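Remarks on the structure that follows.
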Amino acid sequence: MRSLTVHKLFFTLAVGFILTACSGERVSYVFPAPAANEPEAQIHFIQHHGVYSWHADTDSLLYVEGSDRQWYRVDLLSPCDGLAFAMGVRLLPSDGAGNFDRFSYIAIRGQRCKVQSVKKIAPPVRNVTPPRGVTPSNALVPPNAETRSL
């Protein structure tokens, strides 16, 4: 009885993952540049749930969303190999209080990479690309639906 329940659960999860993968909808983010006169910033209490989300744009550019939902642009001093494709990043604070700033490091796959600057930015714009074959004109119309002219 228990193994049947486990198999049903596994099957349901597998179907959900397949349908999600086949949906074709891609989400990307467009991050704004920091203001020209934006001072260096700190992300406080990085070790105590101070990060809500993060996104690696390139091997030397990381975007971090603090637990207060403020976004930060983190520029690295030199490229950190594999950052753009990393599944996880460790943010190493610069002091015992857990502040992450331009004196901090990030760690990925055994390498430490020095932070050059941390600046506040506006929230990113979410860009959703519809699946192939779906354009804005036919997004809501079923494939074989009749269309009428007025």
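Each chain in the structure tokens gets a letter, A, B and so on, in the order shown; residues start at 1 in every chain, and ligands are counted from 1 in the order they appear.
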Problem - Residue neighbourhood Thr58 of chain A, 12 Å, only C-alpha atoms, exclusion window fewer than 2 positions, as a PyMOL selection string - result: chain A and resi 55-56+60-63+73-76+78-86
Exercise for the section: Between atom CA of Asp101 of chain A and atom CA of Glu38 of chain A, measure the distance and give it in Å to one decimal. Expected result: 13.9 Å
Practice task
Might you pull out every residue within 7 Å of Leu77 of chain A, with only C-alpha atoms counted and same-chain residues fewer than 6 positions away left off, and present them as an MDAnalysis selection string?
Solution key: chainID A and resid 114:116
Include N, CA and C atoms and write out the residues we just selected as a CSV table (one decimal), in the first residue's frame.
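The resulting file, part10.csv, is shown below:
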```csv
chain,number,residue,atom,x,y,z
A,114,LYS,N,37.3,38.0,-5.1
A,114,LYS,CA,37.2,39.3,-4.4
A,114,LYS,C,36.2,40.2,-5.0
A,115,VAL,N,35.4,40.8,-4.1
A,115,VAL,CA,34.4,41.8,-4.5
A,115,VAL,C,35.0,43.1,-4.8
A,116,GLN,N,34.7,43.8,-5.9
A,116,GLN,CA,35.2,45.1,-6.2
A,116,GLN,C,34.2,46.2,-5.7
```
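Of the listed residues (A:Ser53, A:Gln42, A:Asn99, A:Gln70), A:Gln70 comes nearest to Ile121 of chain A; the distances count only C-alpha atoms.
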Problem - Gap from atom CA of Arg90 of chain A to atom CA of Ala36 of chain A - Å, one decimal - result: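 Here the two named atoms are 28.1 Å from each other.
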Practice task
Using only C-alpha atoms, determine which residues lie at most 10 Å from Arg112 of chain A, disregarding the query and same-chain residues fewer than 6 positions distant; provide the list as a PyMOL selection string.
Solution key: chain A and resi 80+90-92+104-106
Exercise for the section: May I ask for the distance between atom CA of Ile108 of chain A and atom CA of Pro93 of chain A, given in Å to one decimal place? Expected result: 14.3 Å
